[in-house]
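A.B. asks: final25.cif is the file, holding mmCIF, C-alpha atoms and all ligand atoms:
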data_structure
#
loop_
_atom_site.label_atom_id
_atom_site.label_comp_id
_atom_site.auth_asym_id
_atom_site.auth_seq_id
_atom_site.Cartn_x
_atom_site.Cartn_y
_atom_site.Cartn_z
CA MET A 1087 -2.58 -17.98 -39.46
CA VAL A 1088 -5.10 -18.50 -36.71
CA LYS A 1089 -3.79 -20.64 -33.85
CA LEU A 1090 -6.11 -23.51 -33.09
CA SER A 1091 -6.63 -25.28 -29.78
CA ALA A 1092 -6.33 -29.05 -29.40
CA PHE A 1093 -10.11 -29.14 -29.98
CA GLY A 1094 -9.60 -26.99 -33.09
CA GLU A 1095 -6.84 -29.23 -34.42
CA ARG A 1096 -9.01 -32.28 -33.86
CA PHE A 1097 -12.30 -30.97 -35.24
CA ALA A 1098 -11.11 -28.57 -37.95
CA GLY A 1099 -8.22 -30.77 -39.14
CA PRO A 1100 -8.34 -33.49 -41.79
CA SER A 1101 -10.79 -36.29 -41.08
CA GLY A 1102 -12.03 -39.25 -43.08
CA ILE A 1103 -15.67 -38.25 -43.27
CA VAL A 1104 -15.02 -34.58 -44.08
CA ASP A 1105 -12.46 -35.55 -46.75
CA LEU A 1106 -15.01 -37.86 -48.31
CA MET A 1107 -17.65 -35.12 -48.40
CA ASP A 1108 -15.09 -32.70 -49.96
CA ASP A 1109 -14.11 -35.35 -52.47
CA LEU A 1110 -17.73 -35.73 -53.50
CA ASP A 1111 -17.99 -32.02 -54.17
CA HIS A 1112 -14.70 -32.01 -56.10
CA ALA A 1113 -15.60 -35.07 -58.21
CA LEU A 1114 -18.96 -33.56 -59.12
CA ARG A 1115 -17.39 -30.29 -60.20
CA LEU A 1116 -14.90 -32.13 -62.40
CA ARG A 1117 -17.44 -34.60 -63.78
CA PRO A 1118 -21.10 -33.69 -63.25
CA ASP A 1119 -22.08 -37.11 -64.66
CA THR A 1120 -20.28 -38.93 -61.81
CA VAL A 1121 -22.22 -41.97 -60.58
CA LEU A 1122 -22.70 -41.35 -56.87
CA MET A 1123 -22.42 -44.62 -55.00
CA GLY A 1124 -20.43 -43.16 -52.13
CA GLY A 1125 -22.74 -41.31 -49.75
CA GLY A 1126 -25.59 -42.26 -47.48
CA ASN A 1127 -28.35 -40.29 -49.22
CA PRO A 1128 -31.65 -42.19 -49.16
CA ALA A 1129 -33.58 -42.95 -52.35
CA ARG A 1130 -36.61 -40.99 -53.42
CA ILE A 1131 -39.80 -43.07 -53.17
CA PRO A 1132 -42.62 -41.11 -54.85
CA ALA A 1133 -45.55 -42.48 -52.80
CA VAL A 1134 -43.69 -41.80 -49.56
CA ASP A 1135 -42.59 -38.31 -50.62
CA GLU A 1136 -46.19 -37.50 -51.51
CA LEU A 1137 -47.37 -38.44 -48.03
CA TYR A 1138 -44.71 -36.23 -46.41
CA ARG A 1139 -45.73 -33.32 -48.63
CA GLU A 1140 -49.42 -33.69 -47.78
CA ARG A 1141 -48.74 -33.87 -44.05
CA LEU A 1142 -46.39 -30.89 -44.11
CA ILE A 1143 -48.94 -28.77 -45.93
CA ARG A 1144 -51.57 -29.78 -43.37
CA LEU A 1145 -49.25 -28.74 -40.54
CA ILE A 1146 -48.43 -25.38 -42.06
CA ASP A 1147 -52.09 -24.67 -42.85
CA ASP A 1148 -53.00 -24.97 -39.18
CA PRO A 1149 -52.19 -21.49 -37.79
CA GLN A 1150 -51.60 -22.64 -34.22
CA ARG A 1151 -49.34 -25.55 -35.14
CA CYS A 1152 -47.52 -23.42 -37.66
CA GLU A 1153 -46.81 -20.84 -34.97
CA GLU A 1154 -45.50 -23.59 -32.66
CA LEU A 1155 -43.33 -24.88 -35.50
CA LEU A 1156 -41.72 -21.59 -36.26
CA GLY A 1157 -41.83 -19.52 -33.12
CA VAL A 1158 -41.27 -21.70 -30.05
CA TYR A 1159 -38.06 -23.22 -28.61
CA GLN A 1160 -38.50 -26.86 -27.74
CA VAL A 1161 -38.02 -28.14 -24.18
CA PRO A 1162 -34.67 -29.93 -23.59
CA ARG A 1163 -35.97 -33.44 -24.38
CA GLY A 1164 -37.81 -32.23 -27.49
CA ASP A 1165 -41.44 -32.07 -28.66
CA ALA A 1166 -43.67 -33.69 -26.01
CA ARG A 1167 -46.36 -34.75 -28.52
CA PHE A 1168 -43.74 -36.63 -30.51
CA ARG A 1169 -42.20 -38.32 -27.48
CA GLU A 1170 -45.63 -39.40 -26.20
CA ALA A 1171 -46.66 -40.72 -29.62
CA LEU A 1172 -43.40 -42.66 -30.05
CA ALA A 1173 -43.52 -44.13 -26.54
CA ALA A 1174 -47.14 -45.24 -27.08
CA SER A 1175 -46.24 -46.84 -30.43
CA LEU A 1176 -43.22 -48.69 -28.98
CA ARG A 1177 -45.31 -49.97 -26.07
CA ALA A 1178 -48.13 -51.11 -28.35
CA GLU A 1179 -45.90 -52.65 -31.02
CA TYR A 1180 -43.12 -54.27 -28.96
CA ASP A 1181 -44.33 -54.17 -25.39
CA TRP A 1182 -41.23 -52.17 -24.39
CA ASP A 1183 -41.51 -50.49 -21.01
CA VAL A 1184 -40.96 -46.93 -22.29
CA GLY A 1185 -42.66 -43.62 -21.61
CA PRO A 1186 -41.97 -40.13 -22.94
CA GLU A 1187 -39.38 -39.75 -20.13
CA ASN A 1188 -37.30 -42.41 -21.90
CA ILE A 1189 -37.09 -40.42 -25.13
CA ALA A 1190 -35.05 -37.41 -26.22
CA VAL A 1191 -34.82 -35.67 -29.59
CA SER A 1192 -31.59 -34.50 -31.23
CA ASN A 1193 -30.76 -32.49 -34.34
CA GLY A 1194 -29.92 -35.62 -36.35
CA SER A 1195 -28.48 -38.79 -34.90
CA GLN A 1196 -24.88 -37.80 -35.74
CA PRO A 1197 -24.82 -35.14 -32.96
CA ALA A 1198 -26.54 -37.64 -30.66
CA PHE A 1199 -23.53 -39.94 -31.08
CA PHE A 1200 -21.17 -37.06 -30.34
CA VAL A 1201 -22.96 -36.46 -27.04
CA LEU A 1202 -23.38 -40.14 -26.12
CA PHE A 1203 -19.83 -41.25 -26.91
CA ASN A 1204 -18.34 -38.33 -25.00
CA LEU A 1205 -20.75 -38.88 -22.07
CA PHE A 1206 -19.59 -42.47 -21.67
CA ALA A 1207 -15.96 -42.41 -22.85
CA GLY A 1208 -12.88 -40.21 -22.57
CA ARG A 1209 -11.07 -39.02 -19.46
CA SER A 1210 -12.87 -39.36 -16.11
CA ASP A 1211 -12.41 -37.46 -12.85
CA ASP A 1212 -10.31 -40.30 -11.43
CA GLY A 1213 -7.82 -39.81 -14.28
CA SER A 1214 -8.74 -43.04 -16.06
CA ALA A 1215 -9.59 -43.06 -19.76
CA ARG A 1216 -12.58 -44.99 -21.02
CA HIS A 1217 -13.37 -46.09 -24.54
CA ILE A 1218 -16.30 -47.16 -26.70
CA GLN A 1219 -16.05 -50.84 -27.60
CA LEU A 1220 -17.08 -51.70 -31.14
CA PRO A 1221 -17.73 -55.47 -31.08
CA LEU A 1222 -17.65 -55.68 -34.84
CA VAL A 1223 -15.72 -53.63 -37.37
CA PRO A 1224 -16.16 -52.46 -40.13
CA GLU A 1225 -18.49 -49.94 -38.49
CA TYR A 1226 -20.02 -46.55 -39.35
CA VAL A 1227 -17.26 -44.14 -40.41
CA GLY A 1228 -19.13 -41.17 -38.92
CA TYR A 1229 -18.17 -42.36 -35.42
CA ARG A 1230 -14.50 -42.26 -36.24
CA GLU A 1231 -13.42 -38.77 -35.28
CA ILE A 1232 -16.10 -37.56 -32.88
CA GLY A 1233 -14.23 -38.36 -29.66
CA LEU A 1234 -12.96 -35.37 -27.69
CA ASP A 1235 -10.07 -37.54 -26.51
CA ASP A 1236 -7.70 -39.86 -28.33
CA GLY A 1237 -8.20 -43.60 -28.26
CA MET A 1238 -12.00 -43.34 -28.24
CA PHE A 1239 -12.56 -46.76 -29.84
CA ARG A 1240 -11.43 -50.30 -29.33
CA SER A 1241 -12.46 -53.11 -31.58
CA GLN A 1242 -11.41 -56.53 -32.71
CA ARG A 1243 -11.51 -58.43 -35.96
CA PRO A 1244 -14.82 -60.06 -36.83
CA SER A 1245 -15.32 -63.71 -37.68
CA ILE A 1246 -15.90 -64.33 -41.39
CA GLU A 1247 -18.33 -66.95 -42.63
CA LEU A 1248 -17.96 -67.88 -46.30
CA LEU A 1249 -21.35 -68.45 -47.94
CA PRO A 1250 -22.40 -69.89 -51.31
CA ASP A 1251 -22.87 -67.65 -54.37
CA GLN A 1252 -19.86 -65.36 -53.78
CA LEU A 1253 -21.30 -64.15 -50.45
CA PHE A 1254 -19.86 -63.87 -46.95
CA LYS A 1255 -20.99 -62.61 -43.54
CA TYR A 1256 -19.16 -61.05 -40.61
CA GLY A 1257 -19.97 -62.07 -37.05
CA VAL A 1258 -18.94 -60.85 -33.61
CA ASP A 1259 -15.88 -62.86 -32.55
CA PHE A 1260 -16.75 -63.31 -28.88
CA SER A 1261 -13.47 -65.15 -28.27
CA ARG A 1262 -11.63 -61.85 -28.89
CA LEU A 1263 -14.17 -59.45 -27.32
CA ARG A 1264 -13.11 -58.15 -23.89
CA LEU A 1265 -14.94 -55.58 -21.80
CA ASP A 1266 -13.01 -54.25 -18.80
CA GLY A 1267 -12.87 -51.37 -16.36
CA GLN A 1268 -11.90 -49.02 -19.19
CA THR A 1269 -14.97 -49.83 -21.29
CA GLY A 1270 -17.44 -46.93 -21.25
CA ALA A 1271 -20.09 -48.37 -23.57
CA VAL A 1272 -20.57 -50.90 -26.35
CA CYS A 1273 -21.90 -49.70 -29.71
CA VAL A 1274 -23.17 -51.43 -32.85
CA SER A 1275 -25.13 -50.25 -35.84
CA ARG A 1276 -27.94 -52.67 -36.74
CA PRO A 1277 -28.27 -52.95 -39.75
CA THR A 1278 -24.61 -52.09 -40.07
CA ASN A 1279 -23.31 -49.29 -42.19
CA PRO A 1280 -21.13 -50.14 -44.24
CA THR A 1281 -21.82 -53.87 -44.73
CA GLY A 1282 -25.61 -54.29 -44.63
CA ASN A 1283 -25.03 -56.90 -41.92
CA VAL A 1284 -27.77 -57.43 -39.33
CA LEU A 1285 -26.42 -58.75 -36.04
CA THR A 1286 -28.33 -61.88 -35.08
CA SER A 1287 -30.63 -62.00 -32.04
CA ALA A 1288 -28.13 -64.35 -30.39
CA GLU A 1289 -25.30 -61.85 -30.93
CA ILE A 1290 -27.38 -59.00 -29.53
CA ALA A 1291 -28.46 -61.07 -26.50
CA GLN A 1292 -24.83 -61.95 -25.76
CA LEU A 1293 -23.70 -58.32 -26.17
CA ASP A 1294 -26.50 -57.25 -23.84
CA ALA A 1295 -25.41 -59.79 -21.23
CA LEU A 1296 -21.74 -58.76 -21.49
CA ALA A 1297 -22.60 -55.04 -21.28
CA ARG A 1298 -24.75 -55.62 -18.18
CA GLN A 1299 -22.01 -57.65 -16.57
CA ALA A 1300 -19.54 -54.82 -17.20
CA GLY A 1301 -22.08 -52.23 -15.98
CA VAL A 1302 -22.03 -50.25 -19.24
CA PRO A 1303 -24.78 -49.41 -21.73
CA LEU A 1304 -25.26 -51.15 -25.08
CA ILE A 1305 -25.81 -48.51 -27.77
CA ILE A 1306 -27.71 -49.76 -30.82
CA ASP A 1307 -27.60 -47.42 -33.81
CA GLY A 1308 -30.90 -48.04 -35.57
CA ALA A 1309 -30.44 -45.44 -38.32
CA TYR A 1310 -31.54 -48.14 -40.82
CA GLY A 1311 -33.36 -50.34 -38.36
CA THR A 1312 -36.46 -51.00 -36.34
CA PRO A 1313 -39.11 -49.62 -36.01
CA PHE A 1314 -38.27 -47.08 -38.70
CA PRO A 1315 -37.09 -46.95 -41.46
CA GLN A 1316 -37.09 -50.78 -41.24
CA MET A 1317 -34.50 -51.28 -44.00
CA ILE A 1318 -34.11 -54.90 -42.91
CA PHE A 1319 -34.66 -57.72 -45.39
CA ALA A 1320 -35.35 -60.70 -43.12
CA PRO A 1321 -37.44 -61.12 -39.97
CA THR A 1322 -35.43 -59.59 -37.12
CA GLN A 1323 -36.25 -59.27 -33.44
CA PRO A 1324 -36.23 -55.61 -32.34
CA PHE A 1325 -34.32 -55.13 -29.10
CA TRP A 1326 -34.50 -52.71 -26.17
CA ASN A 1327 -34.27 -52.87 -22.40
CA ASP A 1328 -33.30 -50.41 -19.70
CA ASN A 1329 -29.59 -50.95 -20.41
CA THR A 1330 -30.01 -50.26 -24.14
CA VAL A 1331 -29.52 -46.87 -25.75
CA LEU A 1332 -31.41 -47.11 -29.03
CA VAL A 1333 -30.61 -44.27 -31.42
CA LEU A 1334 -33.04 -43.68 -34.28
CA SER A 1335 -33.16 -41.17 -37.10
CA LEU A 1336 -35.71 -39.79 -39.55
CA SER A 1337 -32.99 -39.43 -42.20
CA LYS A 1338 -33.21 -42.76 -43.99
CA LEU A 1339 -37.00 -42.45 -44.17
CA GLY A 1340 -36.16 -39.94 -46.88
CA LEU A 1341 -35.99 -36.95 -44.52
CA PRO A 1342 -32.27 -36.18 -43.95
CA GLY A 1343 -33.00 -32.46 -44.43
CA LEU A 1344 -35.13 -32.38 -41.27
CA ARG A 1345 -32.10 -33.31 -39.10
CA THR A 1346 -33.98 -35.32 -36.52
CA GLY A 1347 -32.49 -38.03 -34.32
CA VAL A 1348 -34.09 -39.84 -31.40
CA VAL A 1349 -32.58 -41.48 -28.32
CA VAL A 1350 -34.53 -44.13 -26.40
CA ALA A 1351 -32.85 -45.02 -23.08
CA SER A 1352 -33.23 -45.16 -19.31
CA GLU A 1353 -34.49 -41.97 -17.70
CA GLU A 1354 -31.08 -41.37 -16.11
CA ILE A 1355 -29.32 -41.45 -19.48
CA ILE A 1356 -32.02 -39.35 -21.14
CA ARG A 1357 -31.65 -36.71 -18.42
CA ALA A 1358 -27.87 -36.52 -18.92
CA PHE A 1359 -28.24 -36.56 -22.69
CA ALA A 1360 -30.84 -33.75 -22.72
CA ARG A 1361 -28.69 -31.51 -20.53
CA ALA A 1362 -25.62 -31.95 -22.73
CA ASN A 1363 -27.68 -31.57 -25.88
CA THR A 1364 -29.15 -28.32 -24.60
CA LEU A 1365 -25.67 -26.93 -23.90
CA LEU A 1366 -24.61 -27.76 -27.43
CA GLY A 1367 -27.70 -26.86 -29.40
CA LEU A 1368 -30.00 -25.00 -26.99
CA ALA A 1369 -33.06 -26.69 -28.49
CA CYS A 1370 -33.94 -29.12 -31.24
CA GLY A 1371 -35.64 -28.31 -34.52
CA THR A 1372 -39.41 -28.58 -34.55
CA LEU A 1373 -40.31 -29.76 -38.02
CA GLY A 1374 -39.09 -33.39 -37.86
CA PRO A 1375 -40.77 -34.21 -34.54
CA ALA A 1376 -44.02 -32.46 -35.56
CA LEU A 1377 -44.26 -34.39 -38.84
CA ALA A 1378 -43.26 -37.67 -37.18
CA ALA A 1379 -45.80 -37.16 -34.36
CA ASP A 1380 -48.58 -36.92 -36.94
CA LEU A 1381 -47.31 -39.97 -38.81
CA LEU A 1382 -47.11 -41.94 -35.55
CA ALA A 1383 -50.57 -40.91 -34.38
CA ASP A 1384 -52.35 -42.79 -37.19
CA GLY A 1385 -49.79 -45.62 -37.44
CA SER A 1386 -48.48 -44.51 -40.82
CA LEU A 1387 -44.82 -44.15 -39.80
CA PHE A 1388 -44.35 -47.81 -38.84
CA ARG A 1389 -46.64 -48.96 -41.70
CA LEU A 1390 -44.75 -46.88 -44.27
CA SER A 1391 -41.48 -48.37 -43.07
CA ARG A 1392 -42.76 -51.95 -43.12
CA GLU A 1393 -44.81 -51.84 -46.30
CA HIS A 1394 -42.94 -49.38 -48.52
CA ILE A 1395 -39.43 -48.51 -47.39
CA GLY A 1396 -38.21 -51.98 -46.31
CA PRO A 1397 -39.53 -53.80 -49.43
CA PHE A 1398 -38.29 -50.99 -51.71
CA TYR A 1399 -34.70 -51.37 -50.50
CA ALA A 1400 -34.91 -55.17 -50.34
CA ALA A 1401 -35.83 -55.25 -54.05
CA LYS A 1402 -33.08 -52.78 -54.91
CA ALA A 1403 -30.55 -54.86 -52.98
CA GLU A 1404 -31.58 -58.00 -54.85
CA ARG A 1405 -31.27 -56.32 -58.27
CA ALA A 1406 -27.89 -54.74 -57.44
CA LEU A 1407 -26.60 -58.06 -56.08
CA ASP A 1408 -27.69 -59.96 -59.23
CA THR A 1409 -26.03 -57.42 -61.53
CA LEU A 1410 -22.82 -57.33 -59.54
CA ARG A 1411 -22.59 -61.11 -59.20
CA GLN A 1412 -22.87 -61.44 -62.99
CA GLY A 1413 -20.16 -58.81 -63.49
CA LEU A 1414 -17.77 -60.37 -60.98
CA LYS A 1415 -18.05 -63.99 -62.16
CA GLY A 1416 -14.71 -65.78 -61.89
CA LEU A 1417 -13.03 -63.02 -59.84
CA PRO A 1418 -11.90 -63.58 -56.23
CA VAL A 1419 -14.41 -60.99 -54.99
CA ARG A 1420 -17.07 -61.73 -52.39
CA ILE A 1421 -20.05 -59.61 -51.39
CA HIS A 1422 -21.32 -59.32 -47.83
CA ARG A 1423 -24.83 -60.81 -47.70
CA PRO A 1424 -27.11 -57.77 -47.91
CA GLU A 1425 -29.44 -58.08 -44.92
CA GLY A 1426 -30.36 -54.41 -44.53
CA ALA A 1427 -29.43 -50.73 -45.03
CA MET A 1428 -28.55 -49.57 -48.57
CA PHE A 1429 -24.99 -50.71 -49.27
CA LEU A 1430 -23.11 -53.55 -50.89
CA TRP A 1431 -19.77 -54.33 -49.24
CA LEU A 1432 -17.18 -55.99 -51.44
CA TRP A 1433 -14.23 -58.03 -50.30
CA CYS A 1434 -11.67 -58.03 -53.12
CA GLU A 1435 -9.20 -60.60 -51.84
CA GLY A 1436 -5.58 -59.98 -52.87
CA LEU A 1437 -6.54 -57.03 -55.11
CA PRO A 1438 -3.31 -55.60 -56.58
CA GLY A 1439 -2.86 -52.10 -55.14
CA GLY A 1440 -5.76 -52.46 -52.67
CA THR A 1441 -9.11 -50.65 -52.64
CA THR A 1442 -7.74 -47.22 -51.70
CA ALA A 1443 -6.03 -47.15 -55.13
CA LEU A 1444 -9.10 -48.70 -56.76
CA TYR A 1445 -11.23 -45.89 -55.32
CA GLU A 1446 -9.00 -43.30 -57.09
CA ARG A 1447 -9.18 -45.17 -60.39
CA LEU A 1448 -12.95 -45.48 -60.15
CA LYS A 1449 -13.20 -41.75 -59.48
CA GLN A 1450 -11.24 -41.11 -62.70
CA ARG A 1451 -13.78 -43.31 -64.50
CA GLY A 1452 -16.70 -41.35 -63.02
CA VAL A 1453 -17.85 -43.64 -60.18
CA LEU A 1454 -17.65 -42.59 -56.56
CA VAL A 1455 -17.52 -45.32 -53.90
CA VAL A 1456 -15.91 -45.48 -50.45
CA PRO A 1457 -12.71 -47.48 -49.83
CA GLY A 1458 -12.90 -49.83 -46.87
CA ALA A 1459 -9.95 -48.85 -44.68
CA SER A 1460 -11.58 -45.96 -42.80
CA PHE A 1461 -14.39 -48.20 -41.49
CA PHE A 1462 -12.03 -50.31 -39.38
CA MET A 1463 -11.43 -47.99 -36.41
CA GLY A 1464 -10.08 -49.19 -33.09
CA LEU A 1465 -8.13 -52.26 -34.25
CA ASP A 1466 -4.84 -52.71 -32.39
CA ALA A 1467 -2.91 -54.32 -35.26
CA PRO A 1468 -2.80 -53.84 -39.03
CA TRP A 1469 -5.00 -56.20 -41.06
CA PRO A 1470 -4.61 -56.43 -44.87
CA HIS A 1471 -8.35 -57.21 -45.17
CA THR A 1472 -9.12 -53.53 -44.43
CA ASP A 1473 -7.66 -52.43 -47.77
CA GLU A 1474 -9.43 -55.20 -49.66
CA CYS A 1475 -12.92 -53.85 -49.06
CA LEU A 1476 -15.17 -51.31 -50.69
CA ARG A 1477 -18.61 -49.86 -49.90
CA LEU A 1478 -21.09 -48.83 -52.53
CA SER A 1479 -24.61 -47.50 -52.18
CA TYR A 1480 -27.44 -48.80 -54.37
CA ALA A 1481 -29.91 -46.06 -53.40
CA GLN A 1482 -29.68 -44.25 -56.75
CA PRO A 1483 -32.16 -45.10 -59.56
CA ASP A 1484 -31.62 -48.64 -60.94
CA GLU A 1485 -30.20 -47.54 -64.30
CA VAL A 1486 -27.60 -45.37 -62.54
CA VAL A 1487 -26.71 -48.22 -60.16
CA ALA A 1488 -26.38 -50.65 -63.11
CA LYS A 1489 -24.05 -48.24 -64.93
CA GLY A 1490 -21.86 -47.82 -61.83
CA LEU A 1491 -21.75 -51.56 -61.14
CA GLY A 1492 -20.72 -52.22 -64.75
CA ILE A 1493 -17.78 -49.82 -64.44
CA ILE A 1494 -16.75 -51.26 -61.04
CA ALA A 1495 -16.82 -54.85 -62.34
CA ALA A 1496 -14.82 -53.92 -65.46
CA GLU A 1497 -12.22 -52.04 -63.41
CA LEU A 1498 -11.88 -54.94 -60.97
CA ARG A 1499 -11.41 -57.39 -63.84
CA ARG A 1500 -8.70 -55.16 -65.29
CA ASN A 1501 -6.98 -54.87 -61.88
CA TYR A 1502 -6.92 -58.62 -61.38
CA GLY A 1503 -5.46 -58.90 -64.89
CA GLY A 1504 -8.51 -60.80 -66.18
C1 LIG A 1601 -25.19 -45.92 -39.20
C2 LIG A 1601 -25.47 -44.46 -39.20
N1 LIG A 1601 -25.69 -43.85 -38.04
C3 LIG A 1601 -25.94 -42.53 -37.97
C4 LIG A 1601 -25.98 -41.75 -39.10
C5 LIG A 1601 -26.24 -40.28 -38.95
O1 LIG A 1601 -27.42 -39.91 -39.60
P1 LIG A 1601 -28.26 -38.60 -39.24
O2 LIG A 1601 -27.35 -37.65 -38.51
O3 LIG A 1601 -28.71 -38.07 -40.56
O4 LIG A 1601 -29.39 -39.04 -38.37
C6 LIG A 1601 -25.76 -42.32 -40.36
C7 LIG A 1601 -25.78 -41.51 -41.59
O5 LIG A 1601 -25.51 -41.94 -42.66
C8 LIG A 1601 -25.51 -43.72 -40.40
O6 LIG A 1601 -25.28 -44.35 -41.57
#
What would the structure in this file look like if it were written as structure tokens?
Ligand SMILES: Cc1ncc(COP(=O)(O)O)c(C=O)c1O

C.D. replies:
Amino acid sequence: MVKLSAFGERFAGPSGIVDLMDDLDHALRLRPDTVLMGGGNPARIPAVDELYRERLIRLIDDPQRCEELLGVYQVPRGDARFREALAASLRAEYDWDVGPENIAVSNGSQPAFFVLFNLFAGRSDDGSARHIQLPLVPEYVGYREIGLDDGMFRSQRPSIELLPDQLFKYGVDFSRLRLDGQTGAVCVSRPTNPTGNVLTSAEIAQLDALARQAGVPLIIDGAYGTPFPQMIFAPTQPFWNDNTVLVLSLSKLGLPGLRTGVVVASEEIIRAFARANTLLGLACGTLGPALAADLLADGSLFRLSREHIGPFYAAKAERALDTLRQGLKGLPVRIHRPEGAMFLWLWCEGLPGGTTALYERLKQRGVLVVPGASFFMGLDAPWPHTDECLRLSYAQPDEVVAKGLGIIAAELRRNYGG
């Protein structure tokens, strides 16, 4: 058997996110009719897809641009046209003080997080070990195992606000949040995967102030956020300053196959990021930035996000919430208020057996969801709440979502003995 290094053990060994992807494959082979409410695949929106197709054909039909697309390595920071177009749009729309020198492209935002987290946290020359502080868990499971060193994350329990109509909302518990000399950066996804939470402007302002005080960057993962794809269901202040590292992605616009991520940060951070990214990937893909540059040039990227993608997911969230609330009537299950992204997050208080077991039973019944426990990384003490939660995606067509929600509600009722 091949002998693996510590890196090999860490990256080729078992991990939550890889196991979940394998499980998906396995479940589909066993039951091709499985209702897929587990993954982060975006929905298909015909009018939006049509626009992408038209623009791609136009790009390919232009011999010079097609040659650039296929035959030229990008510079370390990525396509200059795209970076100029994005900087101009961010300046015009939000008055942010950004130029193309504040922007770098990556091959998807997932690898951007690998580079950023390992730039800011892990062992330093002075022998100290730094960590990424997650001010609110549950947080995106894809962060979980991308640290080159152990102990990459620290977090603390959130506050929980109980709301009418079976809803609740997590908040940052600032009384527990501590940044110290070992903190390398603070990171939040906004909207949050897995809960659909959107951190309030007050929370973001306080995190910004704390991060500045500690002399560390505040990373905001905008994979579902502003300015694109704008999967946010209530007016929300976009946020960036020279201590913010905003990470964007084309994936949830419906373009995960193009593998394009974007980092907006101070020039110093962009320089470091681009060097590390070049070592890892040599250069970024061309197609995502080329398409996005065209969509930015005539304003259609932001408009599409605001007028089509945001409202599309807001309506889907509302329908899924109504259906689930009906199905769960009388059960001690609460739903996180859906404020963005494409997930419902259930809190099944006191569920016999917990949600890890529920996940297995749902898989047997042909519904794939994600149990909550793996989203709570960095906590320093066990918390029963973590095995009382469940994430499900409502991005599939409505009739598929309704079928899945019906099975989930029935299984929960059975588990509670109702
Ligand atoms: C919160 C969040 N951040 C980052 C990513 C990574 O996305 P990508 O690598 O496709 O840009 C995802 C994917 O689901 C996500 O949900």

A.B. asks: Would you name the residues within 9 Å of ligand LIG 1601 (chain A), counting all atoms listed in the file, and put them as a ChimeraX atom specification?

C.D. replies: /A:1125-1128,1192-1199,1225-1229,1274-1280,1307-1310,1333-1338,1341-1348,1427

A.B. asks: At what distance in Å, to one decimal, does atom CA of Leu1432 of chain A lie from atom CA of Cys1475 of chain A?

C.D. replies: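 Going from atom CA of Cys1475 of chain A over to atom CA of Leu1432 of chain A, I get 5.3 Å.
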
A.B. asks: Which one of A:Arg1177, A:Arg1141, A:Arg1096, A:Arg1115 sits closest to Leu1234 of chain A if you count only C-alpha atoms?

C.D. replies: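 Of all the options, A:Arg1096 lies closest to Leu1234 of chain A.
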
A.B. asks: Tell me which protein, DNA and RNA residues are within 10 Å of segment 1367-1381 of chain A, counting only C-alpha atoms, leaving out same-chain ones fewer than 4 positions away, and put them as an MDAnalysis selection string.

C.D. replies: chainID A and resid 1137:1139 1141:1142 1144:1145 1151:1152 1154:1172 1190:1194 1197 1335:1337 1341:1348 1360:1363 1385:1390

A.B. asks: Can you pull out every residue within 7 Å of Thr1472 of chain A, counting all atoms listed in the file, but drop anything in the same chain fewer than 6 positions away, and send it as a PyMOL selection string?

C.D. replies: chain A and resi 1458-1459+1462

A.B. asks: So that I have them on file, write out the residues from the current selection with C-alpha atoms, as an mmCIF file, in the coordinates of the input.

C.D. replies:
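Below is the file that was written, selection38.cif:
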data_model
loop_
_atom_site.group_PDB
_atom_site.id
_atom_site.type_symbol
_atom_site.label_atom_id
_atom_site.label_comp_id
_atom_site.auth_asym_id
_atom_site.auth_seq_id
_atom_site.Cartn_x
_atom_site.Cartn_y
_atom_site.Cartn_z
ATOM 1 C CA GLY A 1458 -12.900 -49.830 -46.870
ATOM 2 C CA ALA A 1459 -9.950 -48.850 -44.680
ATOM 3 C CA PHE A 1462 -12.030 -50.310 -39.380
#

A.B. asks: With a distance cut-off of 9 Å and only C-alpha atoms, select the neighbouring residues of segment 1393-1401 of chain A, excluding the residue or stretch itself and same-chain residues fewer than 3 positions from it, and output the selection as a list in words.

C.D. replies: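 So the residues in contact are Ala1129, Ile1131, Ala1133, Val1134, Phe1314, Pro1315, Gln1316, Met1317, Ile1318, Phe1319, Leu1339, Phe1388, Arg1389, Leu1390, Glu1404, Arg1405, Ala1406, Pro1424, Glu1425, Gly1426, Ala1427, Met1428, Tyr1480 and Ala1481 of chain A.
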
A.B. asks: Would you compute the distance between atom CA of Phe1254 of chain A and atom CA of Ile1421 of chain A? Give it in Å to one decimal.

C.D. replies: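 Atom CA of Ile1421 of chain A lies at a distance of 6.2 Å from atom CA of Phe1254 of chain A.
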
A.B. asks: Measure the distance from atom CA of Ile1355 of chain A to atom CA of Asp1294 of chain A in Å and round it to one decimal.

C.D. replies: 16.6 Å

A.B. asks: Closest to Met1107 of chain A among A:Ile1290, A:Ile1494, A:Met1463, A:Leu1454, using all atoms listed in the file?

C.D. replies: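 The shortest atom-to-atom distance to Met1107 of chain A comes from A:Leu1454.
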